[in-house]
file run_22.pdb (PDB, N, CA and C atoms, pLDDT in the B column)
ATOM      1  N   GLN E   1      81.146 110.721  76.542  1.00 82.00           N
ATOM      2  CA  GLN E   1      82.343 110.845  77.360  1.00 82.00           C
ATOM      3  C   GLN E   1      82.121 110.184  78.730  1.00 82.00           C
ATOM      4  N   LYS E   2      81.009 110.514  79.377  1.00 85.00           N
ATOM      5  CA  LYS E   2      80.728 109.923  80.687  1.00 85.00           C
ATOM      6  C   LYS E   2      80.474 108.426  80.567  1.00 85.00           C
ATOM      7  N   GLU E   3      79.818 108.025  79.485  1.00 88.00           N
ATOM      8  CA  GLU E   3      79.543 106.603  79.281  1.00 88.00           C
ATOM      9  C   GLU E   3      80.844 105.833  79.096  1.00 88.00           C
ATOM     10  N   LEU E   4      81.768 106.404  78.348  1.00 90.00           N
ATOM     11  CA  LEU E   4      83.057 105.763  78.132  1.00 90.00           C
ATOM     12  C   LEU E   4      83.823 105.640  79.447  1.00 90.00           C
ATOM     13  N   GLN E   5      83.805 106.691  80.241  1.00 88.00           N
ATOM     14  CA  GLN E   5      84.498 106.677  81.524  1.00 88.00           C
ATOM     15  C   GLN E   5      83.884 105.615  82.448  1.00 88.00           C
ATOM     16  N   ALA E   6      82.558 105.542  82.481  1.00 87.00           N
ATOM     17  CA  ALA E   6      81.883 104.537  83.313  1.00 87.00           C
ATOM     18  C   ALA E   6      82.233 103.128  82.837  1.00 87.00           C
ATOM     19  N   PHE E   7      82.267 102.942  81.528  1.00 90.00           N
ATOM     20  CA  PHE E   7      82.615 101.636  80.974  1.00 90.00           C
ATOM     21  C   PHE E   7      84.036 101.242  81.366  1.00 90.00           C
ATOM     22  N   LEU E   8      84.972 102.181  81.227  1.00 92.00           N
ATOM     23  CA  LEU E   8      86.369 101.903  81.567  1.00 92.00           C
ATOM     24  C   LEU E   8      86.535 101.588  83.052  1.00 92.00           C
ATOM     25  N   GLU E   9      85.837 102.321  83.906  1.00 89.00           N
ATOM     26  CA  GLU E   9      85.902 102.045  85.341  1.00 89.00           C
ATOM     27  C   GLU E   9      85.368 100.656  85.649  1.00 89.00           C
ATOM     28  N   LYS E  10      84.269 100.291  84.998  1.00 89.00           N
ATOM     29  CA  LYS E  10      83.681  98.954  85.203  1.00 89.00           C
ATOM     30  C   LYS E  10      84.668  97.872  84.760  1.00 89.00           C
ATOM     31  N   GLU E  11      85.308  98.076  83.631  1.00 93.00           N
ATOM     32  CA  GLU E  11      86.281  97.106  83.133  1.00 93.00           C
ATOM     33  C   GLU E  11      87.484  96.988  84.071  1.00 93.00           C
ATOM     34  N   GLN E  12      87.926  98.111  84.627  1.00 92.00           N
ATOM     35  CA  GLN E  12      89.046  98.077  85.567  1.00 92.00           C
ATOM     36  C   GLN E  12      88.678  97.312  86.832  1.00 92.00           C
ATOM     37  N   VAL E  13      87.461  97.502  87.318  1.00 87.00           N
ATOM     38  CA  VAL E  13      87.003  96.770  88.503  1.00 87.00           C
ATOM     39  C   VAL E  13      86.971  95.279  88.211  1.00 87.00           C
ATOM     40  N   GLN E  14      86.444  94.910  87.048  1.00 89.00           N
ATOM     41  CA  GLN E  14      86.406  93.498  86.682  1.00 89.00           C
ATOM     42  C   GLN E  14      87.810  92.910  86.565  1.00 89.00           C
ATOM     43  N   ALA E  15      88.731  93.664  85.987  1.00 92.00           N
ATOM     44  CA  ALA E  15      90.109  93.186  85.838  1.00 92.00           C
ATOM     45  C   ALA E  15      90.763  92.990  87.203  1.00 92.00           C
ATOM     46  N   ARG E  16      90.542  93.929  88.127  1.00 88.00           N
ATOM     47  CA  ARG E  16      91.106  93.786  89.477  1.00 88.00           C
ATOM     48  C   ARG E  16      90.509  92.568  90.185  1.00 88.00           C
ATOM     49  N   PHE E  17      89.205  92.362  90.023  1.00 87.00           N
ATOM     50  CA  PHE E  17      88.550  91.212  90.646  1.00 87.00           C
ATOM     51  C   PHE E  17      89.124  89.914  90.087  1.00 87.00           C
ATOM     52  N   GLN E  18      89.267  89.826  88.768  1.00 90.00           N
ATOM     53  CA  GLN E  18      89.813  88.615  88.156  1.00 90.00           C
ATOM     54  C   GLN E  18      91.254  88.370  88.606  1.00 90.00           C
ATOM     55  N   SER E  19      92.015  89.432  88.724  1.00 91.00           N
ATOM     56  CA  SER E  19      93.387  89.301  89.197  1.00 91.00           C
ATOM     57  C   SER E  19      93.424  88.783  90.632  1.00 91.00           C
ATOM     58  N   THR E  20      92.551  89.297  91.466  1.00 86.00           N
ATOM     59  CA  THR E  20      92.481  88.852  92.857  1.00 86.00           C
ATOM     60  C   THR E  20      92.106  87.378  92.936  1.00 86.00           C
ATOM     61  N   VAL E  21      91.113  86.968  92.169  1.00 87.00           N
ATOM     62  CA  VAL E  21      90.697  85.557  92.157  1.00 87.00           C
ATOM     63  C   VAL E  21      91.852  84.679  91.671  1.00 87.00           C
ATOM     64  N   HIS E  22      92.546  85.126  90.634  1.00 91.00           N
ATOM     65  CA  HIS E  22      93.677  84.348  90.121  1.00 91.00           C
ATOM     66  C   HIS E  22      94.766  84.200  91.189  1.00 91.00           C
ATOM     67  N   ASN E  23      95.103  85.300  91.851  1.00 90.00           N
ATOM     68  CA  ASN E  23      96.137  85.249  92.892  1.00 90.00           C
ATOM     69  C   ASN E  23      95.728  84.345  94.036  1.00 90.00           C
ATOM     70  N   MET E  24      94.467  84.455  94.462  1.00 89.00           N
ATOM     71  CA  MET E  24      93.972  83.629  95.559  1.00 89.00           C
ATOM     72  C   MET E  24      94.013  82.153  95.162  1.00 89.00           C
ATOM     73  N   THR E  25      93.552  81.851  93.967  1.00 90.00           N
ATOM     74  CA  THR E  25      93.536  80.469  93.496  1.00 90.00           C
ATOM     75  C   THR E  25      94.951  79.896  93.451  1.00 90.00           C
ATOM     76  N   SER E  26      95.858  80.657  92.892  1.00 93.00           N
ATOM     77  CA  SER E  26      97.239  80.193  92.777  1.00 93.00           C
ATOM     78  C   SER E  26      97.870  79.978  94.149  1.00 93.00           C
ATOM     79  N   MET E  27      97.699  80.955  95.030  1.00 92.00           N
ATOM     80  CA  MET E  27      98.294  80.870  96.360  1.00 92.00           C
ATOM     81  C   MET E  27      97.730  79.671  97.136  1.00 92.00           C
ATOM     82  N   CYS E  28      96.417  79.531  97.144  1.00 94.00           N
ATOM     83  CA  CYS E  28      95.798  78.442  97.910  1.00 94.00           C
ATOM     84  C   CYS E  28      96.090  77.082  97.291  1.00 94.00           C
ATOM     85  N   TRP E  29      96.122  77.010  95.968  1.00 92.00           N
ATOM     86  CA  TRP E  29      96.439  75.742  95.307  1.00 92.00           C
ATOM     87  C   TRP E  29      97.846  75.300  95.693  1.00 92.00           C
ATOM     88  N   ASP E  30      98.801  76.230  95.588  1.00 93.00           N
ATOM     89  CA  ASP E  30     100.185  75.885  95.919  1.00 93.00           C
ATOM     90  C   ASP E  30     100.335  75.474  97.379  1.00 93.00           C
ATOM     91  N   LYS E  31      99.578  76.093  98.249  1.00 93.00           N
ATOM     92  CA  LYS E  31      99.669  75.795  99.679  1.00 93.00           C
ATOM     93  C   LYS E  31      99.006  74.462 100.033  1.00 93.00           C
ATOM     94  N   CYS E  32      97.878  74.172  99.397  1.00 93.00           N
ATOM     95  CA  CYS E  32      97.042  73.057  99.867  1.00 93.00           C
ATOM     96  C   CYS E  32      97.127  71.771  99.052  1.00 93.00           C
ATOM     97  N   ILE E  33      97.415  71.867  97.806  1.00 91.00           N
ATOM     98  CA  ILE E  33      97.405  70.665  96.961  1.00 91.00           C
ATOM     99  C   ILE E  33      98.803  70.060  96.959  1.00 91.00           C
ATOM    100  N   THR E  34      98.926  68.966  97.683  1.00 87.00           N
ATOM    101  CA  THR E  34     100.233  68.338  97.855  1.00 87.00           C
ATOM    102  C   THR E  34     100.346  67.027  97.088  1.00 87.00           C
ATOM    103  N   SER E  35      99.233  66.504  96.620  1.00 83.00           N
ATOM    104  CA  SER E  35      99.271  65.236  95.897  1.00 83.00           C
ATOM    105  C   SER E  35      99.190  65.506  94.389  1.00 83.00           C
ATOM    106  N   THR E  36      99.340  64.454  93.630  1.00 83.00           N
ATOM    107  CA  THR E  36      99.192  64.565  92.189  1.00 83.00           C
ATOM    108  C   THR E  36      97.726  64.831  91.875  1.00 83.00           C
ATOM    109  N   PRO E  37      97.423  65.844  91.078  1.00 77.00           N
ATOM    110  CA  PRO E  37      96.021  66.138  90.762  1.00 77.00           C
ATOM    111  C   PRO E  37      95.308  64.939  90.150  1.00 77.00           C
ATOM    112  N   SER E  38      94.100  64.706  90.628  1.00 81.00           N
ATOM    113  CA  SER E  38      93.270  63.625  90.099  1.00 81.00           C
ATOM    114  C   SER E  38      91.822  64.109  90.120  1.00 81.00           C
ATOM    115  N   SER E  39      90.890  63.197  90.019  1.00 84.00           N
ATOM    116  CA  SER E  39      89.477  63.590  89.974  1.00 84.00           C
ATOM    117  C   SER E  39      88.948  63.985  91.360  1.00 84.00           C
ATOM    118  N   ARG E  40      89.700  63.684  92.405  1.00 88.00           N
ATOM    119  CA  ARG E  40      89.298  64.031  93.776  1.00 88.00           C
ATOM    120  C   ARG E  40      90.494  64.591  94.529  1.00 88.00           C
ATOM    121  N   PHE E  41      90.176  65.447  95.514  1.00 88.00           N
ATOM    122  CA  PHE E  41      91.240  65.964  96.360  1.00 88.00           C
ATOM    123  C   PHE E  41      91.681  64.885  97.341  1.00 88.00           C
ATOM    124  N   ALA E  42      92.949  64.943  97.728  1.00 88.00           N
ATOM    125  CA  ALA E  42      93.452  64.040  98.753  1.00 88.00           C
ATOM    126  C   ALA E  42      92.876  64.480 100.100  1.00 88.00           C
ATOM    127  N   ARG E  43      93.027  63.620 101.067  1.00 87.00           N
ATOM    128  CA  ARG E  43      92.483  63.887 102.403  1.00 87.00           C
ATOM    129  C   ARG E  43      92.993  65.228 102.940  1.00 87.00           C
ATOM    130  N   GLY E  44      92.075  66.079 103.335  1.00 92.00           N
ATOM    131  CA  GLY E  44      92.407  67.348 103.949  1.00 92.00           C
ATOM    132  C   GLY E  44      92.615  68.498 102.973  1.00 92.00           C
ATOM    133  N   GLU E  45      92.798  68.195 101.693  1.00 94.00           N
ATOM    134  CA  GLU E  45      93.054  69.270 100.741  1.00 94.00           C
ATOM    135  C   GLU E  45      91.838  70.185 100.560  1.00 94.00           C
ATOM    136  N   ASP E  46      90.658  69.606 100.527  1.00 91.00           N
ATOM    137  CA  ASP E  46      89.457  70.434 100.344  1.00 91.00           C
ATOM    138  C   ASP E  46      89.242  71.362 101.543  1.00 91.00           C
ATOM    139  N   THR E  47      89.499  70.864 102.744  1.00 94.00           N
ATOM    140  CA  THR E  47      89.384  71.698 103.939  1.00 94.00           C
ATOM    141  C   THR E  47      90.435  72.796 103.927  1.00 94.00           C
ATOM    142  N   CYS E  48      91.647  72.442 103.535  1.00 95.00           N
ATOM    143  CA  CYS E  48      92.725  73.420 103.448  1.00 95.00           C
ATOM    144  C   CYS E  48      92.354  74.523 102.461  1.00 95.00           C
ATOM    145  N   LEU E  49      91.825  74.153 101.300  1.00 93.00           N
ATOM    146  CA  LEU E  49      91.430  75.145 100.300  1.00 93.00           C
ATOM    147  C   LEU E  49      90.352  76.075 100.843  1.00 93.00           C
ATOM    148  N   ALA E  50      89.339  75.499 101.498  1.00 93.00           N
ATOM    149  CA  ALA E  50      88.254  76.310 102.055  1.00 93.00           C
ATOM    150  C   ALA E  50      88.785  77.285 103.104  1.00 93.00           C
ATOM    151  N   ASN E  51      89.665  76.795 103.983  1.00 95.00           N
ATOM    152  CA  ASN E  51      90.244  77.659 105.021  1.00 95.00           C
ATOM    153  C   ASN E  51      91.130  78.748 104.411  1.00 95.00           C
ATOM    154  N   CYS E  52      91.905  78.386 103.416  1.00 95.00           N
ATOM    155  CA  CYS E  52      92.799  79.341 102.770  1.00 95.00           C
ATOM    156  C   CYS E  52      91.999  80.461 102.106  1.00 95.00           C
ATOM    157  N   VAL E  53      90.971  80.094 101.375  1.00 91.00           N
ATOM    158  CA  VAL E  53      90.130  81.090 100.714  1.00 91.00           C
ATOM    159  C   VAL E  53      89.457  81.976 101.755  1.00 91.00           C
ATOM    160  N   GLY E  54      88.973  81.373 102.833  1.00 93.00           N
ATOM    161  CA  GLY E  54      88.331  82.142 103.895  1.00 93.00           C
ATOM    162  C   GLY E  54      89.278  83.165 104.512  1.00 93.00           C
ATOM    163  N   ARG E  55      90.506  82.743 104.790  1.00 92.00           N
ATOM    164  CA  ARG E  55      91.501  83.673 105.357  1.00 92.00           C
ATOM    165  C   ARG E  55      91.848  84.777 104.373  1.00 92.00           C
ATOM    166  N   PHE E  56      91.970  84.416 103.095  1.00 88.00           N
ATOM    167  CA  PHE E  56      92.293  85.394 102.064  1.00 88.00           C
ATOM    168  C   PHE E  56      91.183  86.453 101.982  1.00 88.00           C
ATOM    169  N   LEU E  57      89.945  86.003 101.995  1.00 88.00           N
ATOM    170  CA  LEU E  57      88.817  86.939 101.932  1.00 88.00           C
ATOM    171  C   LEU E  57      88.748  87.806 103.190  1.00 88.00           C
ATOM    172  N   ASP E  58      88.952  87.203 104.351  1.00 92.00           N
ATOM    173  CA  ASP E  58      88.948  87.971 105.598  1.00 92.00           C
ATOM    174  C   ASP E  58      90.031  89.052 105.578  1.00 92.00           C
ATOM    175  N   ALA E  59      91.219  88.677 105.116  1.00 89.00           N
ATOM    176  CA  ALA E  59      92.316  89.644 105.042  1.00 89.00           C
ATOM    177  C   ALA E  59      91.977  90.759 104.049  1.00 89.00           C
ATOM    178  N   SER E  60      91.358  90.403 102.952  1.00 86.00           N
ATOM    179  CA  SER E  60      90.973  91.409 101.957  1.00 86.00           C
ATOM    180  C   SER E  60      89.969  92.401 102.531  1.00 86.00           C
ATOM    181  N   VAL E  61      89.007  91.905 103.289  1.00 89.00           N
ATOM    182  CA  VAL E  61      88.003  92.776 103.902  1.00 89.00           C
ATOM    183  C   VAL E  61      88.669  93.742 104.877  1.00 89.00           C
ATOM    184  N   VAL E  62      89.596  93.231 105.680  1.00 91.00           N
ATOM    185  CA  VAL E  62      90.305  94.083 106.643  1.00 91.00           C
ATOM    186  C   VAL E  62      91.091  95.164 105.903  1.00 91.00           C
ATOM    187  N   MET E  63      91.775  94.798 104.833  1.00 88.00           N
ATOM    188  CA  MET E  63      92.554  95.781 104.083  1.00 88.00           C
ATOM    189  C   MET E  63      91.657  96.846 103.459  1.00 88.00           C
ATOM    190  N   VAL E  64      90.536  96.433 102.904  1.00 87.00           N
ATOM    191  CA  VAL E  64      89.609  97.401 102.300  1.00 87.00           C
ATOM    192  C   VAL E  64      89.076  98.360 103.359  1.00 87.00           C
ATOM    193  N   LYS E  65      88.724  97.843 104.519  1.00 89.00           N
ATOM    194  CA  LYS E  65      88.237  98.708 105.601  1.00 89.00           C
ATOM    195  C   LYS E  65      89.313  99.708 106.024  1.00 89.00           C
ATOM    196  N   ASN E  66      90.559  99.254 106.132  1.00 88.00           N
ATOM    197  CA  ASN E  66      91.654 100.153 106.512  1.00 88.00           C
ATOM    198  C   ASN E  66      91.855 101.244 105.471  1.00 88.00           C
ATOM    199  N   ILE E  67      91.806 100.879 104.216  1.00 87.00           N
ATOM    200  CA  ILE E  67      91.960 101.862 103.142  1.00 87.00           C
ATOM    201  C   ILE E  67      90.823 102.876 103.185  1.00 87.00           C
ATOM    202  N   GLN E  68      89.606 102.397 103.404  1.00 89.00           N
ATOM    203  CA  GLN E  68      88.463 103.305 103.496  1.00 89.00           C
ATOM    204  C   GLN E  68      88.617 104.267 104.669  1.00 89.00           C
ATOM    205  N   GLN E  69      89.098 103.772 105.800  1.00 90.00           N
ATOM    206  CA  GLN E  69      89.309 104.633 106.963  1.00 90.00           C
ATOM    207  C   GLN E  69      90.382 105.680 106.675  1.00 90.00           C
ATOM    208  N   GLN E  70      91.453 105.266 106.019  1.00 89.00           N
ATOM    209  CA  GLN E  70      92.515 106.212 105.682  1.00 89.00           C
ATOM    210  C   GLN E  70      92.000 107.284 104.727  1.00 89.00           C
ATOM    211  N   ARG E  71      91.221 106.887 103.746  1.00 86.00           N
ATOM    212  CA  ARG E  71      90.644 107.858 102.811  1.00 86.00           C
ATOM    213  C   ARG E  71      89.735 108.832 103.540  1.00 86.00           C
ATOM    214  N   GLN E  72      88.942 108.308 104.459  1.00 88.00           N
ATOM    215  CA  GLN E  72      88.022 109.168 105.207  1.00 88.00           C
ATOM    216  C   GLN E  72      88.805 110.159 106.065  1.00 88.00           C
ATOM    217  N   GLN E  73      89.871 109.681 106.697  1.00 88.00           N
ATOM    218  CA  GLN E  73      90.697 110.568 107.514  1.00 88.00           C
ATOM    219  C   GLN E  73      91.332 111.664 106.655  1.00 88.00           C
ATOM    220  N   MET E  74      91.779 111.307 105.475  1.00 85.00           N
ATOM    221  CA  MET E  74      92.375 112.300 104.574  1.00 85.00           C
ATOM    222  C   MET E  74      91.321 113.322 104.135  1.00 85.00           C
ATOM    223  N   THR E  75      90.133 112.832 103.835  1.00 84.00           N
ATOM    224  CA  THR E  75      89.041 113.732 103.442  1.00 84.00           C
ATOM    225  C   THR E  75      88.677 114.657 104.581  1.00 84.00           C
ATOM    226  N   ASP E  76      88.598 114.109 105.784  1.00 83.00           N
ATOM    227  CA  ASP E  76      88.280 114.925 106.959  1.00 83.00           C
ATOM    228  C   ASP E  76      89.336 116.000 107.186  1.00 83.00           C
ATOM    229  N   GLN E  77      90.606 115.646 107.026  1.00 83.00           N
ATOM    230  CA  GLN E  77      91.689 116.611 107.211  1.00 83.00           C
ATOM    231  C   GLN E  77      91.649 117.706 106.157  1.00 83.00           C
ATOM    232  N   MET E  78      91.241 117.365 104.962  1.00 81.00           N
ATOM    233  CA  MET E  78      91.175 118.361 103.891  1.00 81.00           C
ATOM    234  C   MET E  78      90.000 119.320 104.085  1.00 81.00           C
ATOM    235  N   THR E  79      88.902 118.812 104.631  1.00 82.00           N
ATOM    236  CA  THR E  79      87.717 119.653 104.805  1.00 82.00           C
ATOM    237  C   THR E  79      87.733 120.408 106.135  1.00 82.00           C
ATOM    238  N   ASN E  80      88.510 119.911 107.093  1.00 75.00           N
ATOM    239  CA  ASN E  80      88.621 120.568 108.402  1.00 75.00           C
ATOM    240  C   ASN E  80      90.101 120.788 108.732  1.00 75.00           C
ATOM    241  N   PRO E  81      90.744 121.746 108.087  1.00 66.00           N
ATOM    242  CA  PRO E  81      92.192 121.932 108.314  1.00 66.00           C
ATOM    243  C   PRO E  81      92.516 122.449 109.696  1.00 66.00           C
TER     244      PRO E  81
END

call {"tool": "encode", "arguments": {"input": "run_22.pdb", "output": "C-alpha cells"}}
result
Amino acid sequence: QKELQAFLEKEQVQARFQSTVHNMTSMCWDKCITSTPSSRFARGEDTCLANCVGRFLDASVVMVKNIQQQRQQMTDQMTNP
C-alpha cells in the first residue's frame, strides 16, 4: 500500500514536471522564434529563448517560495491558535 502510494506520488511529480517543461517550451518558442524553422536559429532567437527560460524558471521559484510560506503560515496558525 505504501509502495503504491509512493509510486503514484512519484509519477504525479514527473507528470507535473513534464507539463511545466512543455508549457515553458511552447510559450518561449512562440515568443522567440519568429523566422521559419531551419537548422539554425535566426539572429537573437537563441538569446531570446535563454532569457525566456530564465525568467520562467525565476518566476517558478518565486511562486514555489510563496506557496511554501503560505503553507507554513497555515501550519503555524493551526498549531498556535

call {"tool": "select_by_dssp", "arguments": {"input": "run_22.pdb", "residues": "chain E", "states": "alpha helix (DSSP H)", "output": "NGL selection string"}}
result
:E and (2-32 or 45-79)

call {"tool": "atom_distance", "arguments": {"input": "run_22.pdb", "atom1": "atom C of Phe7 in chain E", "atom2": "atom C of Val21 in chain E"}}
result
21.0 Å

call {"tool": "resolve_selection", "arguments": {"input": "run_22.pdb", "expression": "the PyMOL selection byres ((chain E and resi 49-65) around 7)", "output": "mmCIF file with N, CA and C atoms, keeping the file's coordinate frame"}}
result
data_model
loop_
_atom_site.group_PDB
_atom_site.id
_atom_site.type_symbol
_atom_site.label_atom_id
_atom_site.label_comp_id
_atom_site.auth_asym_id
_atom_site.auth_seq_id
_atom_site.Cartn_x
_atom_site.Cartn_y
_atom_site.Cartn_z
ATOM 1 N N MET E 24 94.467 84.455 94.462
ATOM 2 C CA MET E 24 93.972 83.629 95.559
ATOM 3 C C MET E 24 94.013 82.153 95.162
ATOM 4 N N CYS E 28 96.417 79.531 97.144
ATOM 5 C CA CYS E 28 95.798 78.442 97.910
ATOM 6 C C CYS E 28 96.090 77.082 97.291
ATOM 7 N N TRP E 29 96.122 77.010 95.968
ATOM 8 C CA TRP E 29 96.439 75.742 95.307
ATOM 9 C C TRP E 29 97.846 75.300 95.693
ATOM 10 N N CYS E 32 97.878 74.172 99.397
ATOM 11 C CA CYS E 32 97.042 73.057 99.867
ATOM 12 C C CYS E 32 97.127 71.771 99.052
ATOM 13 N N ILE E 33 97.415 71.867 97.806
ATOM 14 C CA ILE E 33 97.405 70.665 96.961
ATOM 15 C C ILE E 33 98.803 70.060 96.959
ATOM 16 N N GLY E 44 92.075 66.079 103.335
ATOM 17 C CA GLY E 44 92.407 67.348 103.949
ATOM 18 C C GLY E 44 92.615 68.498 102.973
ATOM 19 N N GLU E 45 92.798 68.195 101.693
ATOM 20 C CA GLU E 45 93.054 69.270 100.741
ATOM 21 C C GLU E 45 91.838 70.185 100.560
ATOM 22 N N ASP E 46 90.658 69.606 100.527
ATOM 23 C CA ASP E 46 89.457 70.434 100.344
ATOM 24 C C ASP E 46 89.242 71.362 101.543
ATOM 25 N N THR E 47 89.499 70.864 102.744
ATOM 26 C CA THR E 47 89.384 71.698 103.939
ATOM 27 C C THR E 47 90.435 72.796 103.927
ATOM 28 N N CYS E 48 91.647 72.442 103.535
ATOM 29 C CA CYS E 48 92.725 73.420 103.448
ATOM 30 C C CYS E 48 92.354 74.523 102.461
ATOM 31 N N ASN E 66 90.559 99.254 106.132
ATOM 32 C CA ASN E 66 91.654 100.153 106.512
ATOM 33 C C ASN E 66 91.855 101.244 105.471
ATOM 34 N N ILE E 67 91.806 100.879 104.216
ATOM 35 C CA ILE E 67 91.960 101.862 103.142
ATOM 36 C C ILE E 67 90.823 102.876 103.185
ATOM 37 N N GLN E 68 89.606 102.397 103.404
ATOM 38 C CA GLN E 68 88.463 103.305 103.496
ATOM 39 C C GLN E 68 88.617 104.267 104.669
ATOM 40 N N GLN E 69 89.098 103.772 105.800
ATOM 41 C CA GLN E 69 89.309 104.633 106.963
ATOM 42 C C GLN E 69 90.382 105.680 106.675
ATOM 43 N N GLN E 70 91.453 105.266 106.019
ATOM 44 C CA GLN E 70 92.515 106.212 105.682
ATOM 45 C C GLN E 70 92.000 107.284 104.727
#

call {"tool": "atom_distance", "arguments": {"input": "run_22.pdb", "atom1": "CA of Thr25 in chain E", "atom2": "CA of Ser39 in chain E"}}
result
17.7 Å

call {"tool": "axis_aligned_box", "arguments": {"input": "run_22.pdb", "around": "range 60-63 of chain E", "padding_each_side": "8 Å", "output": "lines of an AutoDock Vina configuration file"}}
result
center_x = 90.3
center_y = 93.6
center_z = 104.3
size_x = 20.6
size_y = 22.4
size_z = 20.7

call {"tool": "atom_distance", "arguments": {"input": "run_22.pdb", "atom1": "CA of Gln73 in chain E", "atom2": "atom C of Phe17 in chain E"}}
result
27.1 Å

call {"tool": "decode", "arguments": {"input": "run_22.pdb", "residues": "range 20-72 of chain E", "atoms": "C-alpha atoms", "output": "short mmCIF file (atom, residue, chain, number, x, y, z; two decimals), in the first residue's frame"}}
result
data_model
loop_
_atom_site.label_atom_id
_atom_site.label_comp_id
_atom_site.auth_asym_id
_atom_site.auth_seq_id
_atom_site.Cartn_x
_atom_site.Cartn_y
_atom_site.Cartn_z
CA THR E 20 5.79 22.54 -16.88
CA VAL E 21 8.58 21.87 -19.39
CA HIS E 22 6.02 21.56 -22.19
CA ASN E 23 4.33 24.84 -21.23
CA MET E 24 7.66 26.65 -20.94
CA THR E 25 8.86 25.30 -24.28
CA SER E 26 5.65 26.26 -26.04
CA MET E 27 5.48 29.72 -24.50
CA CYS E 28 9.13 30.57 -25.20
CA TRP E 29 9.05 29.10 -28.71
CA ASP E 30 6.00 31.16 -29.63
CA LYS E 31 7.56 34.30 -28.16
CA CYS E 32 11.07 33.95 -29.58
CA ILE E 33 11.00 32.03 -32.84
CA THR E 34 9.91 34.48 -35.49
CA SER E 35 11.56 33.00 -38.57
CA THR E 36 10.86 29.82 -40.47
CA PRO E 37 12.42 26.92 -38.56
CA SER E 38 15.69 25.72 -40.05
CA SER E 39 18.87 24.05 -38.84
CA ARG E 40 19.92 27.25 -37.01
CA PHE E 41 18.15 29.94 -35.05
CA ALA E 42 17.84 33.38 -36.60
CA ARG E 43 19.78 36.24 -35.08
CA GLY E 44 18.73 36.85 -31.49
CA GLU E 45 16.39 33.87 -31.20
CA ASP E 46 18.80 31.79 -29.12
CA THR E 47 19.32 34.68 -26.69
CA CYS E 48 15.58 35.26 -26.51
CA LEU E 49 14.99 31.58 -25.71
CA ALA E 50 17.66 31.57 -22.99
CA ASN E 51 16.22 34.74 -21.42
CA CYS E 52 12.66 33.45 -21.64
CA VAL E 53 13.54 30.16 -19.97
CA GLY E 54 15.50 32.01 -17.29
CA ARG E 55 12.55 34.30 -16.50
CA PHE E 56 10.16 31.35 -16.47
CA LEU E 57 12.36 29.47 -14.00
CA ASP E 58 12.84 32.55 -11.82
CA ALA E 59 9.08 33.10 -11.71
CA SER E 60 8.54 29.44 -10.84
CA VAL E 61 10.99 29.65 -7.94
CA VAL E 62 9.25 32.76 -6.59
CA MET E 63 5.84 31.06 -6.81
CA VAL E 64 7.09 27.92 -5.06
CA LYS E 65 8.61 30.01 -2.26
CA ASN E 66 5.34 31.92 -1.83
CA ILE E 67 3.34 28.70 -1.67
CA GLN E 68 5.75 27.27 0.89
CA GLN E 69 5.43 30.41 3.02
CA GLN E 70 1.64 30.27 2.84
CA ARG E 71 1.66 26.61 3.86
CA GLN E 72 3.97 27.37 6.75
#
